[in-house]
>>> print(open('my_file.txt').read())   # compact mmCIF, N, CA and C atoms
# COMPACT_ATOMS: atom_id res chain seq x y z
N MET T 1 102.32 109.52 96.19
CA MET T 1 101.18 110.40 96.18
C MET T 1 100.17 110.02 95.08
N PRO T 2 100.64 109.66 93.88
CA PRO T 2 99.66 109.25 92.86
C PRO T 2 98.82 108.06 93.30
N LEU T 3 99.41 107.17 94.10
CA LEU T 3 98.67 106.01 94.59
C LEU T 3 97.52 106.45 95.51
N ILE T 4 97.78 107.42 96.35
CA ILE T 4 96.75 107.93 97.25
C ILE T 4 95.64 108.60 96.46
N LEU T 5 96.00 109.37 95.44
CA LEU T 5 94.99 110.03 94.60
C LEU T 5 94.15 109.00 93.85
N LEU T 6 94.78 107.93 93.38
CA LEU T 6 94.06 106.86 92.71
C LEU T 6 93.06 106.20 93.66
N ILE T 7 93.48 105.95 94.87
CA ILE T 7 92.59 105.34 95.87
C ILE T 7 91.41 106.26 96.15
N LEU T 8 91.67 107.55 96.34
CA LEU T 8 90.58 108.49 96.60
C LEU T 8 89.60 108.56 95.43
N ALA T 9 90.13 108.56 94.22
CA ALA T 9 89.26 108.59 93.04
C ALA T 9 88.42 107.32 92.96
N LEU T 10 89.02 106.18 93.20
CA LEU T 10 88.27 104.93 93.16
C LEU T 10 87.20 104.87 94.25
N VAL T 11 87.51 105.36 95.42
CA VAL T 11 86.52 105.38 96.50
C VAL T 11 85.33 106.25 96.10
N ALA T 12 85.62 107.42 95.57
CA ALA T 12 84.54 108.33 95.17
C ALA T 12 83.71 107.74 94.03
N LEU T 13 84.37 107.17 93.03
CA LEU T 13 83.64 106.58 91.91
C LEU T 13 82.80 105.38 92.35
N ARG T 14 83.33 104.59 93.24
CA ARG T 14 82.58 103.43 93.72
C ARG T 14 81.42 103.86 94.60
N TYR T 15 81.66 104.83 95.47
CA TYR T 15 80.62 105.29 96.38
C TYR T 15 79.43 105.90 95.63
N PHE T 16 79.74 106.71 94.61
CA PHE T 16 78.68 107.36 93.84
C PHE T 16 78.20 106.50 92.67
N GLU T 17 78.69 105.28 92.58
CA GLU T 17 78.28 104.30 91.58
C GLU T 17 78.33 104.86 90.16
N VAL T 18 79.49 105.34 89.79
CA VAL T 18 79.71 105.91 88.47
C VAL T 18 80.15 104.81 87.51
N TRP T 19 79.47 104.72 86.38
CA TRP T 19 79.79 103.86 85.25
C TRP T 19 80.13 102.44 85.69
N ARG T 20 81.25 101.91 85.26
CA ARG T 20 81.62 100.53 85.60
C ARG T 20 82.19 100.38 87.00
N PHE T 21 82.48 101.49 87.62
CA PHE T 21 83.04 101.43 88.97
C PHE T 21 81.98 101.03 89.99
N ALA T 22 80.71 101.11 89.61
CA ALA T 22 79.63 100.69 90.50
C ALA T 22 79.72 99.20 90.79
N GLU T 23 80.26 98.44 89.87
CA GLU T 23 80.38 96.99 90.04
C GLU T 23 81.72 96.58 90.65
N LEU T 24 82.60 97.54 90.85
CA LEU T 24 83.93 97.25 91.41
C LEU T 24 83.81 96.81 92.86
N SER T 25 84.48 95.75 93.18
CA SER T 25 84.45 95.24 94.55
C SER T 25 85.26 96.17 95.46
N TRP T 26 84.74 96.33 96.69
CA TRP T 26 85.47 97.15 97.66
C TRP T 26 86.81 96.51 98.02
N TRP T 27 86.94 95.21 97.82
CA TRP T 27 88.19 94.52 98.14
C TRP T 27 89.35 95.02 97.29
N TRP T 28 89.08 95.41 96.04
CA TRP T 28 90.14 95.97 95.20
C TRP T 28 90.66 97.28 95.81
N ILE T 29 89.76 98.08 96.30
CA ILE T 29 90.15 99.36 96.90
C ILE T 29 90.89 99.13 98.21
N VAL T 30 90.39 98.20 99.01
CA VAL T 30 91.07 97.87 100.27
C VAL T 30 92.45 97.30 99.99
N GLY T 31 92.57 96.50 98.92
CA GLY T 31 93.87 95.96 98.53
C GLY T 31 94.84 97.06 98.14
N LEU T 32 94.36 98.05 97.40
CA LEU T 32 95.23 99.19 97.05
C LEU T 32 95.65 99.97 98.29
N MET T 33 94.73 100.08 99.25
CA MET T 33 95.08 100.77 100.50
C MET T 33 96.17 100.00 101.25
N ALA T 34 96.08 98.69 101.24
CA ALA T 34 97.11 97.87 101.89
C ALA T 34 98.45 98.03 101.18
N VAL T 35 98.43 98.07 99.85
CA VAL T 35 99.67 98.28 99.10
C VAL T 35 100.27 99.65 99.43
N ALA T 36 99.42 100.66 99.51
CA ALA T 36 99.91 102.01 99.84
C ALA T 36 100.52 102.03 101.25
N PHE T 37 99.86 101.35 102.19
CA PHE T 37 100.38 101.29 103.55
C PHE T 37 101.75 100.63 103.59
N ILE T 38 101.86 99.48 102.92
CA ILE T 38 103.13 98.76 102.89
C ILE T 38 104.21 99.62 102.23
N TRP T 39 103.85 100.30 101.14
CA TRP T 39 104.83 101.14 100.44
C TRP T 39 105.35 102.24 101.36
N PHE T 40 104.44 103.01 101.97
CA PHE T 40 104.86 104.17 102.75
C PHE T 40 105.49 103.79 104.09
N GLU T 41 105.11 102.67 104.66
CA GLU T 41 105.65 102.29 105.96
C GLU T 41 106.94 101.48 105.88
N PHE T 42 107.11 100.69 104.84
CA PHE T 42 108.25 99.78 104.80
C PHE T 42 109.17 99.99 103.60
N ILE T 43 108.62 99.94 102.41
CA ILE T 43 109.46 99.97 101.20
C ILE T 43 110.15 101.31 101.03
N GLU T 44 109.41 102.40 101.24
CA GLU T 44 110.01 103.73 101.10
C GLU T 44 111.17 103.91 102.07
N LYS T 45 111.03 103.42 103.28
CA LYS T 45 112.10 103.52 104.28
C LYS T 45 113.29 102.63 103.91
N MET T 46 113.00 101.43 103.37
CA MET T 46 114.09 100.54 102.96
C MET T 46 114.91 101.14 101.84
N LEU T 47 114.25 101.83 100.92
CA LEU T 47 114.95 102.43 99.78
C LEU T 47 115.58 103.78 100.13
N GLY T 48 115.27 104.29 101.31
CA GLY T 48 115.85 105.56 101.73
C GLY T 48 115.18 106.77 101.10
N LEU T 49 114.01 106.61 100.53
CA LEU T 49 113.35 107.72 99.87
C LEU T 49 112.89 108.79 100.86
N ASP T 50 112.52 108.38 102.07
CA ASP T 50 112.10 109.36 103.06
C ASP T 50 113.27 110.23 103.50
N LYS T 51 114.46 109.65 103.63
CA LYS T 51 115.65 110.42 104.02
C LYS T 51 116.09 111.34 102.89
N ARG T 52 115.94 110.88 101.65
CA ARG T 52 116.35 111.68 100.51
C ARG T 52 115.50 112.95 100.43
N LYS T 53 114.21 112.82 100.69
CA LYS T 53 113.33 114.00 100.66
C LYS T 53 113.72 114.98 101.75
N ALA T 54 114.01 114.48 102.93
CA ALA T 54 114.42 115.34 104.04
C ALA T 54 115.76 116.01 103.72
N HIS T 55 116.67 115.27 103.13
CA HIS T 55 117.97 115.82 102.77
C HIS T 55 117.82 116.92 101.71
N ASP T 56 116.98 116.69 100.72
CA ASP T 56 116.75 117.69 99.68
C ASP T 56 116.14 118.96 100.27
N LEU T 57 115.24 118.81 101.23
CA LEU T 57 114.64 119.97 101.88
C LEU T 57 115.69 120.75 102.67
N ASP T 58 116.55 120.05 103.40
CA ASP T 58 117.61 120.72 104.15
C ASP T 58 118.58 121.43 103.21
N GLU T 59 118.91 120.82 102.10
CA GLU T 59 119.81 121.43 101.12
C GLU T 59 119.20 122.69 100.54
N LYS T 60 117.91 122.67 100.27
CA LYS T 60 117.23 123.85 99.74
C LYS T 60 117.24 124.98 100.76
N ARG T 61 116.99 124.66 102.03
CA ARG T 61 117.02 125.67 103.10
C ARG T 61 118.42 126.28 103.22
N ARG T 62 119.44 125.43 103.12
CA ARG T 62 120.81 125.93 103.22
C ARG T 62 121.11 126.88 102.07
N LYS T 63 120.74 126.50 100.87
CA LYS T 63 120.99 127.37 99.71
C LYS T 63 120.23 128.68 99.82
N ASP T 64 119.02 128.62 100.34
CA ASP T 64 118.25 129.86 100.53
C ASP T 64 118.91 130.78 101.55
N ARG T 65 119.45 130.19 102.64
CA ARG T 65 120.14 131.01 103.65
C ARG T 65 121.38 131.66 103.06
N VAL T 66 122.15 130.89 102.30
CA VAL T 66 123.36 131.44 101.68
C VAL T 66 122.99 132.54 100.70
N LYS T 67 121.99 132.30 99.91
CA LYS T 67 121.54 133.29 98.92
C LYS T 67 121.06 134.57 99.62
N GLN T 68 120.32 134.40 100.71
CA GLN T 68 119.82 135.55 101.45
C GLN T 68 120.97 136.31 102.12
N SER T 69 121.92 135.60 102.67
CA SER T 69 123.05 136.26 103.34
C SER T 69 123.89 137.06 102.36
N PHE T 70 124.23 136.47 101.23
CA PHE T 70 125.05 137.17 100.26
C PHE T 70 124.25 138.21 99.49
N GLY T 71 122.97 138.05 99.42
CA GLY T 71 122.14 139.01 98.72
C GLY T 71 122.04 140.32 99.47
N LYS T 72 122.11 140.27 100.81
CA LYS T 72 122.02 141.49 101.62
C LYS T 72 123.28 142.33 101.52
N ARG T 73 124.41 141.70 101.26
CA ARG T 73 125.68 142.41 101.22
C ARG T 73 125.84 143.25 99.98
N LYS T 74 125.14 142.94 98.94
CA LYS T 74 125.31 143.66 97.69
C LYS T 74 124.64 145.00 97.70
>>> encode(input="my_file.txt", output="structure tokens")
Amino acid sequence: MPLILLILALVALRYFEVWRFAELSWWWIVGLMAVAFIWFEFIEKMLGLDKRKAHDLDEKRRKDRVKQSFGKRK
């Protein structure tokens, strides 16, 4: 996510020609976009980070259900 925010900030700074970013080549921004694409499409899946996030979300839902079920009995 920080990579996406960095890309958005660079696009805005380059588009509005702020300070030294006015001279920044669009190729640097396109290169960062390519790196972000490769990261999210290939590397994250190879490292299993997408599955880990889904697993953590399922674990949180399970804990909330258990907490809610036992909370009603008291």
>>> residues_around(input="my_file.txt", residues="Met1 of chain T", least_positions_apart="6", cutoff="12 Å", atoms="only C-alpha atoms", output="list in words")
Ile7, Leu8, Ala36, Phe37, Trp39 and Phe40 of chain T
>>> axis_aligned_box(input="my_file.txt", around="segment 45-64 of chain T", padding_each_side="8 Å", output="lines of an AutoDock Vina configuration file")
center_x = 116.1
center_y = 115.7
center_z = 102.0
size_x = 26.1
size_y = 46.2
size_z = 20.6
>>> atom_distance(input="my_file.txt", atom1="atom CA of Gly71 of chain T", atom2="atom C of Asp56 of chain T")
21.0 Å
>>> atom_distance(input="my_file.txt", atom1="atom C of Arg14 of chain T", atom2="atom CA of Trp27 of chain T")
12.1 Å
>>> atom_distance(input="my_file.txt", atom1="atom N of Ala22 of chain T", atom2="atom C of Leu10 of chain T")
8.8 Å
>>> closest_residue(input="my_file.txt", among="T:Leu5, T:Lys60, T:Lys45, T:Val11", to="Ile29 of chain T", atoms="all atoms listed in the file")
T:Val11
>>> build_atoms(input="my_file.txt", residues="segment 8-19 of chain T", atoms="all heavy atoms", output="tab-separated table (two decimals), keeping the file's coordinate frame")
chain	number	residue	atom	x	y	z
T	8	LEU	N	91.67	107.55	96.34
T	8	LEU	CA	90.58	108.49	96.60
T	8	LEU	C	89.60	108.56	95.43
T	8	LEU	O	88.38	108.61	95.64
T	8	LEU	CB	91.16	109.88	96.90
T	8	LEU	CG	91.88	110.04	98.22
T	8	LEU	CD1	92.49	111.42	98.34
T	8	LEU	CD2	90.92	109.79	99.37
T	9	ALA	N	90.13	108.56	94.22
T	9	ALA	CA	89.26	108.59	93.04
T	9	ALA	C	88.42	107.32	92.96
T	9	ALA	O	87.20	107.39	92.69
T	9	ALA	CB	90.10	108.75	91.77
T	10	LEU	N	89.02	106.18	93.20
T	10	LEU	CA	88.27	104.93	93.16
T	10	LEU	C	87.20	104.87	94.25
T	10	LEU	O	86.09	104.38	94.00
T	10	LEU	CB	89.21	103.73	93.29
T	10	LEU	CG	90.03	103.39	92.05
T	10	LEU	CD1	91.01	102.27	92.37
T	10	LEU	CD2	89.12	103.00	90.91
T	11	VAL	N	87.51	105.36	95.42
T	11	VAL	CA	86.52	105.38	96.50
T	11	VAL	C	85.33	106.25	96.10
T	11	VAL	O	84.17	105.87	96.27
T	11	VAL	CB	87.15	105.85	97.82
T	11	VAL	CG1	86.10	106.20	98.86
T	11	VAL	CG2	88.09	104.80	98.37
T	12	ALA	N	85.62	107.42	95.57
T	12	ALA	CA	84.54	108.33	95.17
T	12	ALA	C	83.71	107.74	94.03
T	12	ALA	O	82.47	107.78	94.07
T	12	ALA	CB	85.13	109.68	94.74
T	13	LEU	N	84.37	107.17	93.03
T	13	LEU	CA	83.64	106.58	91.91
T	13	LEU	C	82.80	105.38	92.35
T	13	LEU	O	81.68	105.20	91.88
T	13	LEU	CB	84.62	106.17	90.80
T	13	LEU	CG	85.27	107.32	90.05
T	13	LEU	CD1	86.40	106.79	89.17
T	13	LEU	CD2	84.25	108.07	89.22
T	14	ARG	N	83.33	104.59	93.24
T	14	ARG	CA	82.58	103.43	93.72
T	14	ARG	C	81.42	103.86	94.60
T	14	ARG	O	80.32	103.35	94.51
T	14	ARG	CB	83.53	102.49	94.50
T	14	ARG	CG	82.85	101.32	95.17
T	14	ARG	CD	82.20	100.40	94.15
T	14	ARG	NE	81.62	99.24	94.77
T	14	ARG	CZ	80.32	99.09	95.03
T	14	ARG	NH1	79.47	100.04	94.72
T	14	ARG	NH2	79.87	98.01	95.60
T	15	TYR	N	81.66	104.83	95.47
T	15	TYR	CA	80.62	105.29	96.38
T	15	TYR	C	79.43	105.90	95.63
T	15	TYR	O	78.28	105.65	95.96
T	15	TYR	CB	81.20	106.29	97.38
T	15	TYR	CG	80.18	106.80	98.36
T	15	TYR	CD1	79.78	106.00	99.44
T	15	TYR	CD2	79.60	108.05	98.23
T	15	TYR	CE1	78.83	106.46	100.34
T	15	TYR	CE2	78.65	108.51	99.12
T	15	TYR	CZ	78.27	107.70	100.18
T	15	TYR	OH	77.33	108.15	101.06
T	16	PHE	N	79.74	106.71	94.61
T	16	PHE	CA	78.68	107.36	93.84
T	16	PHE	C	78.20	106.50	92.67
T	16	PHE	O	77.37	106.96	91.88
T	16	PHE	CB	79.16	108.73	93.34
T	16	PHE	CG	79.35	109.71	94.46
T	16	PHE	CD1	80.61	110.17	94.78
T	16	PHE	CD2	78.27	110.16	95.21
T	16	PHE	CE1	80.80	111.08	95.81
T	16	PHE	CE2	78.45	111.06	96.24
T	16	PHE	CZ	79.71	111.52	96.55
T	17	GLU	N	78.69	105.28	92.58
T	17	GLU	CA	78.28	104.30	91.58
T	17	GLU	C	78.33	104.86	90.16
T	17	GLU	O	77.35	104.85	89.42
T	17	GLU	CB	76.89	103.77	91.91
T	17	GLU	CG	76.86	103.04	93.24
T	17	GLU	CD	75.50	102.49	93.59
T	17	GLU	OE1	74.53	102.78	92.86
T	17	GLU	OE2	75.41	101.77	94.59
T	18	VAL	N	79.49	105.34	89.79
T	18	VAL	CA	79.71	105.91	88.47
T	18	VAL	C	80.15	104.81	87.51
T	18	VAL	O	81.08	104.06	87.78
T	18	VAL	CB	80.79	107.01	88.54
T	18	VAL	CG1	81.10	107.56	87.16
T	18	VAL	CG2	80.36	108.12	89.48
T	19	TRP	N	79.47	104.72	86.38
T	19	TRP	CA	79.79	103.86	85.25
T	19	TRP	C	80.13	102.44	85.69
T	19	TRP	O	79.36	101.81	86.39
T	19	TRP	CB	80.92	104.52	84.45
T	19	TRP	CG	81.14	103.96	83.09
T	19	TRP	CD1	80.20	103.63	82.16
T	19	TRP	CD2	82.40	103.66	82.50
T	19	TRP	NE1	80.80	103.16	81.03
T	19	TRP	CE2	82.15	103.16	81.21
T	19	TRP	CE3	83.70	103.77	82.93
T	19	TRP	CZ2	83.17	102.77	80.37
T	19	TRP	CZ3	84.70	103.39	82.09
T	19	TRP	CH2	84.44	102.91	80.82
